[in-house]
file coords31.tsv (TSV, C-alpha atoms and all ligand atoms)
chain	number	residue	atom	x	y	z
R	1	MET	CA	-8.94	-79.93	20.26
R	2	THR	CA	-5.82	-77.85	19.65
R	3	GLU	CA	-2.63	-78.24	21.64
R	4	GLN	CA	-3.16	-74.86	23.17
R	5	HIS	CA	-6.42	-76.03	24.80
R	6	MET	CA	-4.73	-79.20	26.03
R	7	THR	CA	-2.52	-77.19	28.38
R	8	ASP	CA	-5.65	-76.18	30.22
R	9	LEU	CA	-6.89	-79.71	30.91
R	10	PRO	CA	-6.76	-81.25	34.41
R	11	GLU	CA	-4.46	-84.20	35.19
R	12	PRO	CA	-6.45	-87.44	34.75
R	13	LEU	CA	-7.44	-89.17	38.02
R	14	PRO	CA	-5.87	-92.57	38.86
R	15	ARG	CA	-8.15	-95.54	37.94
R	16	GLY	CA	-8.98	-96.45	41.58
R	17	ALA	CA	-10.02	-92.89	42.37
R	18	VAL	CA	-12.25	-92.79	39.27
R	19	LYS	CA	-14.08	-95.98	40.37
R	20	THR	CA	-14.59	-94.74	43.95
R	21	SER	CA	-15.80	-91.36	42.75
R	22	ARG	CA	-18.25	-93.04	40.29
R	23	ARG	CA	-19.63	-95.30	43.06
R	24	PHE	CA	-20.07	-92.28	45.35
R	25	THR	CA	-21.92	-90.30	42.65
R	26	ARG	CA	-24.31	-93.26	42.07
R	27	LEU	CA	-24.90	-93.53	45.82
R	28	ILE	CA	-25.78	-89.81	46.09
R	29	ALA	CA	-28.20	-90.15	43.14
R	30	SER	CA	-30.11	-93.05	44.76
R	31	ARG	CA	-33.45	-92.18	46.33
R	32	ALA	CA	-32.83	-94.62	49.24
R	33	PHE	CA	-29.58	-92.80	50.17
R	34	GLN	CA	-31.28	-89.40	49.95
R	35	ARG	CA	-34.07	-90.61	52.32
R	36	TRP	CA	-31.46	-92.05	54.72
R	37	ALA	CA	-29.33	-88.88	54.63
R	38	ALA	CA	-32.34	-86.67	55.37
R	39	ARG	CA	-32.77	-88.42	58.78
R	40	PHE	CA	-29.42	-87.47	60.44
R	41	PRO	CA	-28.54	-83.95	61.61
R	42	PHE	CA	-25.17	-83.65	59.79
R	43	THR	CA	-26.26	-85.21	56.49
R	44	ARG	CA	-29.67	-83.50	56.79
R	45	ARG	CA	-27.94	-80.10	56.66
R	46	MET	CA	-25.95	-81.22	53.61
R	47	VAL	CA	-29.06	-82.54	51.84
R	48	ARG	CA	-30.90	-79.32	52.60
R	49	SER	CA	-28.21	-76.94	51.35
R	50	GLU	CA	-27.71	-79.10	48.24
R	51	GLY	CA	-31.48	-79.01	47.71
R	52	GLU	CA	-31.53	-75.22	48.04
R	53	ALA	CA	-28.62	-74.85	45.61
R	54	MET	CA	-30.43	-77.12	43.14
R	55	PHE	CA	-33.63	-75.13	43.48
R	56	ASP	CA	-31.71	-71.90	42.83
R	57	LEU	CA	-30.57	-73.40	39.52
R	58	VAL	CA	-34.11	-74.48	38.69
R	59	ALA	CA	-35.52	-71.03	39.45
R	60	GLY	CA	-32.65	-69.00	37.94
R	61	PHE	CA	-34.62	-67.85	34.89
R	62	CYS	CA	-37.46	-66.46	37.06
R	63	HIS	CA	-34.87	-64.62	39.16
R	64	SER	CA	-33.37	-63.05	36.03
R	65	GLN	CA	-36.80	-62.02	34.76
R	66	LEU	CA	-37.72	-60.43	38.10
R	67	LEU	CA	-34.48	-58.46	37.83
R	68	GLN	CA	-35.25	-57.54	34.23
R	69	ALA	CA	-38.73	-56.23	35.18
R	70	PHE	CA	-37.28	-54.35	38.15
R	71	VAL	CA	-34.77	-52.58	35.87
R	72	ARG	CA	-37.10	-51.98	32.93
R	73	LEU	CA	-39.81	-50.49	35.13
R	74	LYS	CA	-37.10	-48.16	36.50
R	75	MET	CA	-37.93	-49.17	40.05
R	76	PRO	CA	-34.37	-48.51	41.33
R	77	GLN	CA	-34.55	-44.87	40.20
R	78	LEU	CA	-38.09	-44.52	41.58
R	79	LEU	CA	-37.27	-45.91	45.01
R	80	LEU	CA	-33.98	-44.03	45.15
R	81	LYS	CA	-36.00	-40.79	45.25
R	82	GLN	CA	-38.31	-41.95	48.05
R	83	GLU	CA	-39.77	-44.97	49.83
R	84	MET	CA	-43.19	-45.79	48.39
R	85	SER	CA	-46.31	-47.81	49.15
R	86	ALA	CA	-47.35	-50.60	46.78
R	87	ALA	CA	-50.37	-48.53	45.68
R	88	ALA	CA	-48.16	-45.54	44.78
R	89	ILE	CA	-45.70	-47.74	42.89
R	90	SER	CA	-48.57	-49.40	41.04
R	91	GLU	CA	-49.83	-46.04	39.83
R	92	GLU	CA	-46.39	-44.80	38.88
R	93	ILE	CA	-45.29	-47.82	36.82
R	94	ASP	CA	-48.68	-48.88	35.51
R	95	VAL	CA	-48.75	-52.44	36.87
R	96	PRO	CA	-52.05	-53.62	38.45
R	97	LEU	CA	-51.73	-53.77	42.23
R	98	ASP	CA	-52.48	-57.50	42.58
R	99	ARG	CA	-49.77	-58.39	40.03
R	100	LEU	CA	-47.36	-55.84	41.45
R	101	GLN	CA	-47.59	-57.53	44.86
R	102	VAL	CA	-46.04	-60.65	43.29
R	103	LEU	CA	-43.26	-58.60	41.72
R	104	LEU	CA	-42.57	-56.76	44.99
R	105	ALA	CA	-42.49	-59.99	47.03
R	106	GLY	CA	-40.17	-61.61	44.46
R	107	CYS	CA	-37.80	-58.62	44.47
R	108	THR	CA	-37.88	-58.63	48.27
R	109	ALA	CA	-36.96	-62.33	48.31
R	110	LEU	CA	-34.04	-61.62	45.94
R	111	GLY	CA	-32.77	-58.90	48.29
R	112	LEU	CA	-33.37	-55.99	45.89
R	113	ILE	CA	-35.92	-54.16	48.06
R	114	LYS	CA	-37.20	-54.34	51.63
R	115	ARG	CA	-40.61	-53.71	53.13
R	116	ARG	CA	-40.62	-51.18	55.94
R	117	ARG	CA	-42.99	-51.35	58.91
R	118	ALA	CA	-45.28	-48.69	57.48
R	119	GLY	CA	-45.78	-50.91	54.42
R	120	ARG	CA	-43.55	-48.75	52.23
R	121	TYR	CA	-40.87	-50.24	50.01
R	122	ALA	CA	-37.23	-49.11	50.01
R	123	LEU	CA	-34.09	-50.18	48.13
R	124	THR	CA	-31.56	-52.47	49.79
R	125	THR	CA	-27.85	-51.88	49.09
R	126	ARG	CA	-28.09	-54.50	46.33
R	127	GLY	CA	-31.09	-52.74	44.78
R	128	ALA	CA	-29.40	-49.35	45.09
R	129	ALA	CA	-26.38	-50.73	43.19
R	130	LEU	CA	-28.66	-51.07	40.15
R	131	ALA	CA	-29.22	-47.33	40.18
R	132	GLY	CA	-25.61	-46.47	41.01
R	133	VAL	CA	-23.30	-48.94	39.25
R	134	PRO	CA	-22.57	-47.50	35.79
R	135	GLY	CA	-23.70	-49.69	32.91
R	136	LEU	CA	-25.30	-52.39	35.06
R	137	SER	CA	-28.91	-51.57	34.18
R	138	GLY	CA	-27.98	-51.25	30.50
R	139	MET	CA	-26.32	-54.68	30.54
R	140	ILE	CA	-29.36	-56.27	32.22
R	141	ASP	CA	-31.71	-54.54	29.78
R	142	HIS	CA	-29.97	-55.87	26.65
R	143	HIS	CA	-30.01	-59.42	28.06
R	144	GLU	CA	-33.41	-59.83	26.42
R	145	ILE	CA	-31.54	-60.59	23.19
R	146	LEU	CA	-29.28	-63.15	24.88
R	147	TYR	CA	-32.27	-64.90	26.48
R	148	LEU	CA	-34.02	-65.13	23.10
R	149	ASP	CA	-30.85	-66.70	21.66
R	150	LEU	CA	-30.83	-69.19	24.55
R	151	ALA	CA	-34.56	-69.97	24.46
R	152	ASP	CA	-33.86	-73.45	23.04
R	153	PRO	CA	-30.62	-74.34	24.82
R	154	VAL	CA	-30.23	-77.72	23.15
R	155	ALA	CA	-30.47	-76.17	19.68
R	156	PHE	CA	-28.14	-73.40	20.90
R	157	PHE	CA	-25.44	-75.84	22.03
R	158	ARG	CA	-25.88	-77.94	18.88
R	159	GLY	CA	-25.19	-74.77	16.89
R	160	HIS	CA	-28.63	-74.71	15.23
R	161	VAL	CA	-29.61	-71.16	16.34
R	162	GLU	CA	-28.92	-68.07	14.21
R	163	THR	CA	-28.22	-65.91	17.25
R	164	GLU	CA	-29.22	-62.24	17.30
R	165	LEU	CA	-26.76	-60.90	19.87
R	166	ALA	CA	-24.06	-60.13	17.31
R	167	GLU	CA	-26.46	-57.73	15.54
R	168	PHE	CA	-26.48	-55.67	18.72
R	169	TRP	CA	-22.67	-55.46	18.68
R	170	PRO	CA	-21.97	-55.13	14.92
R	171	TYR	CA	-18.31	-54.07	15.30
R	172	VAL	CA	-17.18	-57.65	15.82
R	173	PHE	CA	-17.57	-58.36	12.13
R	174	GLY	CA	-14.88	-55.79	11.45
R	175	ALA	CA	-14.82	-52.29	10.07
R	176	LYS	CA	-17.64	-52.94	7.58
R	177	GLY	CA	-20.16	-53.82	10.31
R	178	ALA	CA	-19.59	-50.68	12.34
R	179	THR	CA	-20.29	-47.74	10.07
R	180	ASP	CA	-23.80	-46.64	11.12
R	181	PRO	CA	-23.23	-43.73	13.56
R	182	ARG	CA	-26.44	-44.38	15.56
R	183	THR	CA	-25.65	-48.05	16.15
R	184	VAL	CA	-22.05	-47.21	16.98
R	185	ALA	CA	-23.17	-44.55	19.48
R	186	GLN	CA	-25.55	-47.02	21.18
R	187	TYR	CA	-23.04	-49.80	21.79
R	188	SER	CA	-20.14	-47.46	22.48
R	189	GLN	CA	-22.11	-45.79	25.29
R	190	LEU	CA	-22.96	-49.15	26.87
R	191	MET	CA	-19.32	-50.23	26.61
R	192	ALA	CA	-18.09	-46.96	28.11
R	193	ASP	CA	-20.58	-47.15	31.00
R	194	SER	CA	-19.74	-50.75	31.82
R	195	LEU	CA	-16.01	-50.01	31.53
R	196	VAL	CA	-15.86	-47.99	34.76
R	197	LEU	CA	-15.51	-51.05	37.01
R	198	VAL	CA	-13.25	-52.87	34.54
R	199	ALA	CA	-10.90	-49.87	34.52
R	200	GLU	CA	-10.94	-49.64	38.32
R	201	ASP	CA	-9.97	-53.28	38.75
R	202	THR	CA	-7.36	-53.23	35.97
R	203	LEU	CA	-5.65	-50.15	37.40
R	204	ASP	CA	-5.79	-51.79	40.79
R	205	ALA	CA	-3.99	-54.91	39.50
R	206	ILE	CA	-1.42	-53.26	37.20
R	207	GLY	CA	0.90	-50.29	37.62
R	208	PHE	CA	1.18	-48.14	34.47
R	209	GLY	CA	3.70	-45.77	36.09
R	210	SER	CA	6.80	-47.13	34.33
R	211	ALA	CA	5.33	-46.57	30.82
R	212	HIS	CA	5.78	-43.43	28.70
R	213	ARG	CA	3.02	-43.96	26.14
R	214	VAL	CA	0.07	-46.33	26.44
R	215	MET	CA	-1.85	-47.36	23.32
R	216	ASP	CA	-5.32	-48.83	23.94
R	217	VAL	CA	-6.19	-51.03	20.95
R	218	GLY	CA	-9.95	-51.49	20.45
R	219	GLY	CA	-10.23	-48.71	23.03
R	220	GLY	CA	-13.73	-47.63	21.95
R	221	THR	CA	-14.42	-43.99	22.72
R	222	GLY	CA	-11.45	-43.64	25.06
R	223	ALA	CA	-13.02	-44.44	28.43
R	224	PHE	CA	-10.14	-46.70	29.55
R	225	LEU	CA	-7.46	-44.24	28.39
R	226	THR	CA	-9.25	-41.45	30.23
R	227	ALA	CA	-9.19	-43.49	33.46
R	228	ILE	CA	-5.45	-44.17	32.99
R	229	GLY	CA	-4.76	-40.56	32.01
R	230	LEU	CA	-6.44	-39.24	35.14
R	231	ALA	CA	-4.57	-41.72	37.35
R	232	TYR	CA	-1.16	-41.02	35.70
R	233	PRO	CA	-0.81	-37.31	34.81
R	234	ASP	CA	2.55	-37.76	32.97
R	235	LEU	CA	1.53	-40.55	30.61
R	236	SER	CA	1.06	-40.00	26.86
R	237	LEU	CA	-1.89	-41.86	25.38
R	238	THR	CA	-2.90	-43.30	22.00
R	239	LEU	CA	-6.36	-44.55	21.10
R	240	PHE	CA	-6.72	-47.06	18.25
R	241	ASP	CA	-10.17	-48.21	17.10
R	242	LEU	CA	-12.39	-48.31	14.03
R	243	PRO	CA	-12.88	-45.02	12.11
R	244	ALA	CA	-16.61	-44.88	12.95
R	245	VAL	CA	-15.94	-45.32	16.68
R	246	VAL	CA	-13.03	-43.03	17.59
R	247	PRO	CA	-14.42	-39.51	16.80
R	248	ALA	CA	-16.53	-39.50	19.98
R	249	ALA	CA	-13.33	-39.85	22.03
R	250	ARG	CA	-12.28	-36.26	21.34
R	251	ASP	CA	-15.04	-34.79	23.53
R	252	ARG	CA	-14.29	-37.29	26.31
R	253	PHE	CA	-10.55	-36.39	26.30
R	254	GLU	CA	-11.36	-32.67	26.29
R	255	ALA	CA	-13.84	-32.98	29.13
R	256	ALA	CA	-11.18	-34.81	31.16
R	257	GLY	CA	-8.53	-32.20	30.25
R	258	ILE	CA	-6.15	-34.80	28.79
R	259	GLN	CA	-6.46	-33.88	25.08
R	260	ASN	CA	-2.92	-32.41	24.88
R	261	ARG	CA	-1.24	-35.72	25.64
R	262	THR	CA	-3.63	-37.90	23.65
R	263	GLU	CA	-3.57	-38.96	20.00
R	264	ILE	CA	-6.36	-40.72	18.16
R	265	ILE	CA	-5.54	-43.16	15.36
R	266	PRO	CA	-8.44	-44.66	13.39
R	267	GLY	CA	-7.85	-48.06	11.82
R	268	SER	CA	-8.65	-51.75	11.79
R	269	PHE	CA	-6.27	-54.28	13.29
R	270	ARG	CA	-7.72	-56.88	10.94
R	271	ASP	CA	-6.64	-54.96	7.85
R	272	GLU	CA	-3.35	-53.30	8.84
R	273	GLY	CA	-0.47	-53.40	11.36
R	274	LEU	CA	-0.58	-51.33	14.52
R	275	PRO	CA	1.19	-47.97	14.79
R	276	ASP	CA	4.36	-48.00	16.90
R	277	GLY	CA	5.44	-45.44	19.51
R	278	ALA	CA	3.83	-46.93	22.62
R	279	ASP	CA	5.80	-48.92	25.19
R	280	LEU	CA	2.62	-50.39	26.70
R	281	ILE	CA	-0.33	-51.69	24.70
R	282	SER	CA	-3.62	-52.57	26.35
R	283	LEU	CA	-6.42	-54.74	24.97
R	284	VAL	CA	-9.49	-54.37	27.13
R	285	ARG	CA	-12.47	-56.65	26.34
R	286	VAL	CA	-11.17	-57.14	22.80
R	287	LEU	CA	-9.83	-60.72	22.50
R	288	TYR	CA	-13.05	-62.52	23.50
R	289	ASP	CA	-14.80	-61.10	20.39
R	290	HIS	CA	-12.43	-62.82	17.99
R	291	SER	CA	-11.35	-66.25	16.77
R	292	ASP	CA	-8.04	-67.78	17.90
R	293	GLU	CA	-6.62	-67.02	14.46
R	294	THR	CA	-7.53	-63.31	14.59
R	295	VAL	CA	-6.26	-63.09	18.20
R	296	ALA	CA	-2.96	-64.75	17.25
R	297	ASP	CA	-2.51	-62.24	14.37
R	298	LEU	CA	-3.46	-59.32	16.60
R	299	LEU	CA	-1.02	-60.34	19.34
R	300	ARG	CA	1.75	-60.68	16.76
R	301	SER	CA	0.94	-57.12	15.56
R	302	VAL	CA	1.05	-55.92	19.17
R	303	TYR	CA	4.45	-57.61	19.59
R	304	GLU	CA	5.73	-55.96	16.39
R	305	ALA	CA	4.50	-52.52	17.46
R	306	LEU	CA	6.22	-52.65	20.88
R	307	PRO	CA	9.88	-51.78	21.51
R	308	PRO	CA	12.12	-54.27	23.42
R	309	GLY	CA	11.02	-54.15	27.08
R	310	GLY	CA	7.48	-53.09	26.02
R	311	ARG	CA	4.51	-54.61	27.80
R	312	VAL	CA	1.09	-55.88	26.73
R	313	VAL	CA	-1.85	-55.82	29.18
R	314	ILE	CA	-4.97	-57.88	28.48
R	315	SER	CA	-8.02	-57.28	30.61
R	316	GLU	CA	-11.37	-59.01	30.11
R	317	PRO	CA	-13.66	-61.52	31.83
R	318	MET	CA	-12.05	-64.96	31.58
R	319	THR	CA	-13.15	-68.53	32.15
R	320	GLY	CA	-11.73	-70.59	35.00
R	321	GLY	CA	-10.01	-73.16	32.74
R	322	VAL	CA	-9.59	-76.37	34.75
R	323	VAL	CA	-11.57	-74.84	37.62
R	324	PRO	CA	-14.67	-73.48	35.85
R	325	HIS	CA	-16.49	-70.70	37.68
R	326	ARG	CA	-19.97	-69.28	37.47
R	327	ALA	CA	-19.18	-65.86	35.97
R	328	GLY	CA	-16.70	-67.03	33.33
R	329	ASP	CA	-18.03	-70.48	32.45
R	330	ALA	CA	-21.76	-70.30	33.19
R	331	TYR	CA	-22.25	-66.80	31.78
R	332	PHE	CA	-19.49	-65.14	29.69
R	333	ALA	CA	-18.71	-68.30	27.75
R	334	LEU	CA	-22.38	-68.56	26.66
R	335	TYR	CA	-22.49	-64.85	25.89
R	336	CYS	CA	-19.45	-65.15	23.62
R	337	MET	CA	-20.92	-68.23	21.94
R	338	ALA	CA	-24.09	-66.26	21.19
R	339	MET	CA	-21.85	-63.56	19.69
R	340	ARG	CA	-20.60	-66.20	17.22
R	341	THR	CA	-17.26	-64.53	16.43
R	342	GLY	CA	-15.03	-65.30	19.38
R	343	ARG	CA	-14.95	-67.17	22.66
R	344	ALA	CA	-14.26	-66.64	26.34
R	345	ARG	CA	-10.79	-67.93	27.26
R	346	SER	CA	-9.00	-68.81	30.47
R	347	ALA	CA	-5.91	-66.95	31.71
R	348	VAL	CA	-3.89	-70.06	30.79
R	349	GLU	CA	-5.16	-70.02	27.19
R	350	ILE	CA	-4.47	-66.29	26.84
R	351	SER	CA	-0.99	-66.79	28.33
R	352	ASP	CA	-0.31	-69.50	25.72
R	353	LEU	CA	-1.49	-67.20	22.93
R	354	LEU	CA	0.84	-64.48	24.25
R	355	ARG	CA	3.82	-66.86	24.35
R	356	GLY	CA	2.90	-68.00	20.82
R	357	ALA	CA	3.19	-64.37	19.66
R	358	GLY	CA	6.68	-64.11	21.19
R	359	PHE	CA	5.95	-62.58	24.60
R	360	ALA	CA	7.89	-63.62	27.71
R	361	ASP	CA	7.50	-63.04	31.44
R	362	VAL	CA	3.76	-63.78	31.07
R	363	LYS	CA	1.86	-63.19	34.32
R	364	ALA	CA	-1.74	-63.29	35.51
R	365	PRO	CA	-1.94	-60.97	38.54
R	366	SER	CA	-5.09	-61.46	40.59
R	367	THR	CA	-7.88	-58.91	40.27
R	368	ARG	CA	-10.36	-57.75	42.89
R	369	ARG	CA	-13.51	-59.04	41.15
R	370	PRO	CA	-12.87	-61.76	38.55
R	371	PHE	CA	-16.56	-61.53	37.53
R	372	ILE	CA	-15.75	-57.98	36.35
R	373	THR	CA	-12.36	-58.66	34.76
R	374	SER	CA	-9.15	-60.70	34.89
R	375	VAL	CA	-5.73	-59.59	33.69
R	376	VAL	CA	-2.80	-61.21	31.85
R	377	THR	CA	0.43	-59.36	30.96
R	378	GLY	CA	3.50	-60.15	28.86
R	379	VAL	CA	6.79	-58.47	27.91
R	380	ARG	CA	8.60	-58.20	24.56
R	381	LEU	CA	12.19	-58.99	25.57
R	382	ASP	CA	14.12	-58.02	22.41
H	401	LIG	C1	-16.07	-55.03	23.40
H	401	LIG	S1	-15.58	-53.49	22.74
H	401	LIG	C2	-14.46	-52.93	24.00
H	401	LIG	C3	-14.24	-51.46	23.99
H	401	LIG	C4	-13.35	-50.98	25.13
H	401	LIG	N1	-12.03	-51.54	25.07
H	401	LIG	C5	-14.03	-51.33	26.44
H	401	LIG	O1	-13.62	-52.27	27.11
H	401	LIG	O2	-15.00	-50.64	26.77
H	401	LIG	C6	-14.49	-53.98	21.46
H	401	LIG	C7	-13.88	-52.80	20.73
H	401	LIG	O3	-13.03	-53.31	19.71
H	401	LIG	C8	-13.19	-52.49	18.57
H	401	LIG	N2	-12.83	-53.26	17.37
H	401	LIG	C9	-13.46	-54.34	16.85
H	401	LIG	N3	-12.86	-54.74	15.72
H	401	LIG	C10	-11.83	-53.89	15.54
H	401	LIG	C11	-10.84	-53.79	14.54
H	401	LIG	N4	-10.81	-54.63	13.51
H	401	LIG	N5	-9.92	-52.80	14.65
H	401	LIG	C12	-9.94	-51.91	15.68
H	401	LIG	N6	-10.87	-51.97	16.67
H	401	LIG	C13	-11.79	-52.94	16.58
H	401	LIG	C14	-14.67	-52.15	18.60
H	401	LIG	O4	-15.00	-51.04	17.79
H	401	LIG	C15	-14.91	-51.92	20.06
H	401	LIG	O5	-14.70	-50.57	20.41
call {"tool": "encode", "arguments": {"input": "coords31.tsv", "output": "structure tokens", "more": "lines below"}}
Ligand SMILES: C[S@@+](CC[C@H](N)C(=O)[O-])C[C@H]1O[C@@H](n2cnc3c(N)ncnc32)[C@H](O)[C@@H]1O
result
Amino acid sequence: MTEQHMTDLPEPLPRGAVKTSRRFTRLIASRAFQRWAARFPFTRRMVRSEGEAMFDLVAGFCHSQLLQAFVRLKMPQLLLKQEMSAAAISEEIDVPLDRLQVLLAGCTALGLIKRRRAGRYALTTRGAALAGVPGLSGMIDHHEILYLDLADPVAFFRGHVETELAEFWPYVFGAKGATDPRTVAQYSQLMADSLVLVAEDTLDAIGFGSAHRVMDVGGGTGAFLTAIGLAYPDLSLTLFDLPAVVPAARDRFEAAGIQNRTEIIPGSFRDEGLPDGADLISLVRVLYDHSDETVADLLRSVYEALPPGGRVVISEPMTGGVVPHRAGDAYFALYCMAMRTGRARSAVEISDLLRGAGFADVKAPSTRRPFITSVVTGVRLD
């Protein structure tokens, strides 16, 4: 374990507290205690909610697969148009009625749809989000590859699985992996769709108003810059990404009417330094794809490219560090491991990497939805 990870470790508990906590854990695990606890109203409630939480973990895979079927069969789009009977849905999506009833009941239990009195099915707000939230259905759809990678979790954690997920996102292996225009178009579209919420929450957490030129490094086809450009009409913008990725940005900038204050610079941050001229550099969902070594080099290049007083903004899903959380530690961290090239990091780890590159005044402002993105910023002082 490197020193940088050590900073993220919790303080060890005093010996007495460790013993008491171990005794308590053994007590909870004993069948006799569980039977005793189930008899009293207060402990009964605790036992029951713990039992439900445990069952949710046990059933999680079935829940995900119900969701996957719901999305793949395009049921959100279907039910968005009109409420429908089970028989009509069955005909439309080509699933036999008796099997569809199981799918409909499961989706009802998960709060995706509701059954009206007349026996017709309608979307709930949660179900409607699948039709309306940009990129969400696409993300769920491509999870098939992640689930295949995780099919043998023990082998996965032992590092014995040649995971497939990285093939879906070939850019992580550097400029050489991202030259096929069709593949690039496929992943760039998914990134751009799923960026909408990330951009919303980043702009909500950070003011870009004091900057003159923002450069988005690894900015894909310019979706983040477009969001900033529309929010700040006086800002100049620079997009930096791989040569096979950036051409599609031109149409996006033109459609948004920001082409006159936008420049596009193709290049690879692994092979060359970054262009200067920007007083704010953003890295959105870039660091987690790369090793600590590549990230350290990249952050040093960012530092070099900024003038004194310039700011770096990092926005991506992060782990919880000493307080692991479900989105960062029980999802993104596995996703990044399946990608093989990088890892999910906590705000503390990213802050340490920023300080290591020379940045000061490192801050982690809170974001609205940490399961969408978290933010860390730093300043080049001189
Ligand atoms: C996960 S995507 C994020 C794209 C965009 N920032 C977003 O959040 O939608 C990572 C981006 O980094 C770019 N990238 C990867 N390696 C790169 C490199 N060596 N130089 C420049 N860009 C690179 C990829 O092409 C891709 O657009």
call {"tool": "closest_residue", "arguments": {"input": "coords31.tsv", "among": "R:Gly358, R:Gly119, R:Gly257, R:Pro370", "to": "Gly320 (chain R)", "atoms": "all atoms listed in the file"}}
result
R:Pro370
call {"tool": "closest_atom_pairs", "arguments": {"input": "coords31.tsv", "of": "chain R", "to": "ligand LIG 401 (chain H)", "cutoff": "9 Å", "atoms": "all atoms listed in the file", "output": "CSV"}}
result
residue,atom,partner,partner_atom,distance
R:Trp169,CA,H:LIG401,C1,8.1
R:Pro170,CA,H:LIG401,O4,8.6
R:Tyr171,CA,H:LIG401,C9,5.1
R:Val172,CA,H:LIG401,C9,5.1
R:Phe173,CA,H:LIG401,N3,6.9
R:Gly174,CA,H:LIG401,N4,4.7
R:Ala175,CA,H:LIG401,N4,5.8
R:Ala178,CA,H:LIG401,O4,7.1
R:Val184,CA,H:LIG401,O4,8.1
R:Tyr187,CA,H:LIG401,S1,8.4
R:Ser188,CA,H:LIG401,O5,6.6
R:Gln189,CA,H:LIG401,O2,8.7
R:Leu190,CA,H:LIG401,O2,8.1
R:Met191,CA,H:LIG401,O2,4.3
R:Ala192,CA,H:LIG401,O2,5.0
R:Asp193,CA,H:LIG401,O2,7.8
R:Ser194,CA,H:LIG401,O2,6.9
R:Leu195,CA,H:LIG401,O2,4.9
R:Val196,CA,H:LIG401,O2,8.5
R:Val198,CA,H:LIG401,O1,7.5
R:Ala199,CA,H:LIG401,O1,8.3
R:Asp216,CA,H:LIG401,N1,7.3
R:Val217,CA,H:LIG401,N6,6.4
R:Gly218,CA,H:LIG401,O3,3.7
R:Gly219,CA,H:LIG401,N1,3.9
R:Gly220,CA,H:LIG401,O5,3.5
R:Thr221,CA,H:LIG401,O5,7.0
R:Gly222,CA,H:LIG401,C4,7.6
R:Ala223,CA,H:LIG401,O2,6.7
R:Phe224,CA,H:LIG401,C5,6.8
R:Phe240,CA,H:LIG401,C12,6.4
R:Asp241,CA,H:LIG401,N6,3.8
R:Leu242,CA,H:LIG401,C12,4.7
R:Pro243,CA,H:LIG401,C12,8.3
R:Ala244,CA,H:LIG401,O4,8.0
R:Val245,CA,H:LIG401,O4,5.9
R:Val246,CA,H:LIG401,O5,8.2
R:Pro266,CA,H:LIG401,C12,7.7
R:Gly267,CA,H:LIG401,C12,5.8
R:Ser268,CA,H:LIG401,N5,3.3
R:Phe269,CA,H:LIG401,N5,4.2
R:Arg270,CA,H:LIG401,N4,4.6
R:Asp271,CA,H:LIG401,N4,7.0
R:Glu272,CA,H:LIG401,N5,8.8
R:Ser282,CA,H:LIG401,N1,8.6
R:Leu283,CA,H:LIG401,N1,6.5
R:Val284,CA,H:LIG401,N1,4.3
R:Arg285,CA,H:LIG401,O1,4.6
R:Val286,CA,H:LIG401,C6,4.8
R:Leu287,CA,H:LIG401,C6,8.3
R:Tyr288,CA,H:LIG401,C1,8.1
R:Asp289,CA,H:LIG401,C1,6.9
R:His290,CA,H:LIG401,N3,8.4
R:Ser315,CA,H:LIG401,O1,8.3
R:Glu316,CA,H:LIG401,O1,7.7
call {"tool": "closest_residue", "arguments": {"input": "coords31.tsv", "among": "R:Leu67, R:Val375, R:Leu97, R:Ala185", "to": "Asp204 (chain R)", "atoms": "all atoms listed in the file"}}
result
R:Val375
call {"tool": "atom_distance", "arguments": {"input": "coords31.tsv", "atom1": "CA of Thr226 (chain R)", "atom2": "CA of Arg252 (chain R)"}}
result
7.6 Å
call {"tool": "closest_residue", "arguments": {"input": "coords31.tsv", "among": "R:Val348, R:Arg117, R:Thr124, R:Pro308", "to": "Asp382 (chain R)", "atoms": "only C-alpha atoms"}}
result
R:Pro308
call {"tool": "atom_distance", "arguments": {"input": "coords31.tsv", "atom1": "CA of Thr319 (chain R)", "atom2": "CA of Arg345 (chain R)"}}
result
5.5 Å
call {"tool": "atom_distance", "arguments": {"input": "coords31.tsv", "atom1": "CA of Arg213 (chain R)", "atom2": "CA of Thr294 (chain R)"}}
result
24.9 Å
call {"tool": "closest_residue", "arguments": {"input": "coords31.tsv", "among": "R:Arg368, R:Val214, R:Arg23, R:Val47", "to": "Glu200 (chain R)", "atoms": "only C-alpha atoms"}}
result
R:Arg368
call {"tool": "closest_residue", "arguments": {"input": "coords31.tsv", "among": "R:Ser301, R:Thr373, R:Arg326, R:Val312", "to": "Ser351 (chain R)", "atoms": "only C-alpha atoms"}}
result
R:Val312
call {"tool": "residues_around", "arguments": {"input": "coords31.tsv", "residues": "Ala131 (chain R)", "least_positions_apart": "5", "cutoff": "9 Å", "atoms": "only C-alpha atoms", "output": "short mmCIF file (atom, residue, chain, number, x, y, z; two decimals) with C-alpha atoms, in the frame of the given file"}}
result
data_model
loop_
_atom_site.label_atom_id
_atom_site.label_comp_id
_atom_site.auth_asym_id
_atom_site.auth_seq_id
_atom_site.Cartn_x
_atom_site.Cartn_y
_atom_site.Cartn_z
CA VAL R 71 -34.77 -52.58 35.87
CA LYS R 74 -37.10 -48.16 36.50
CA MET R 75 -37.93 -49.17 40.05
CA PRO R 76 -34.37 -48.51 41.33
CA GLN R 77 -34.55 -44.87 40.20
CA LEU R 80 -33.98 -44.03 45.15
CA LEU R 136 -25.30 -52.39 35.06
CA SER R 137 -28.91 -51.57 34.18
#
call {"tool": "closest_residue", "arguments": {"input": "coords31.tsv", "among": "R:Thr163, R:Thr108, R:Ser30, R:Ser90", "to": "Leu66 (chain R)", "atoms": "all atoms listed in the file"}}
result
R:Thr108
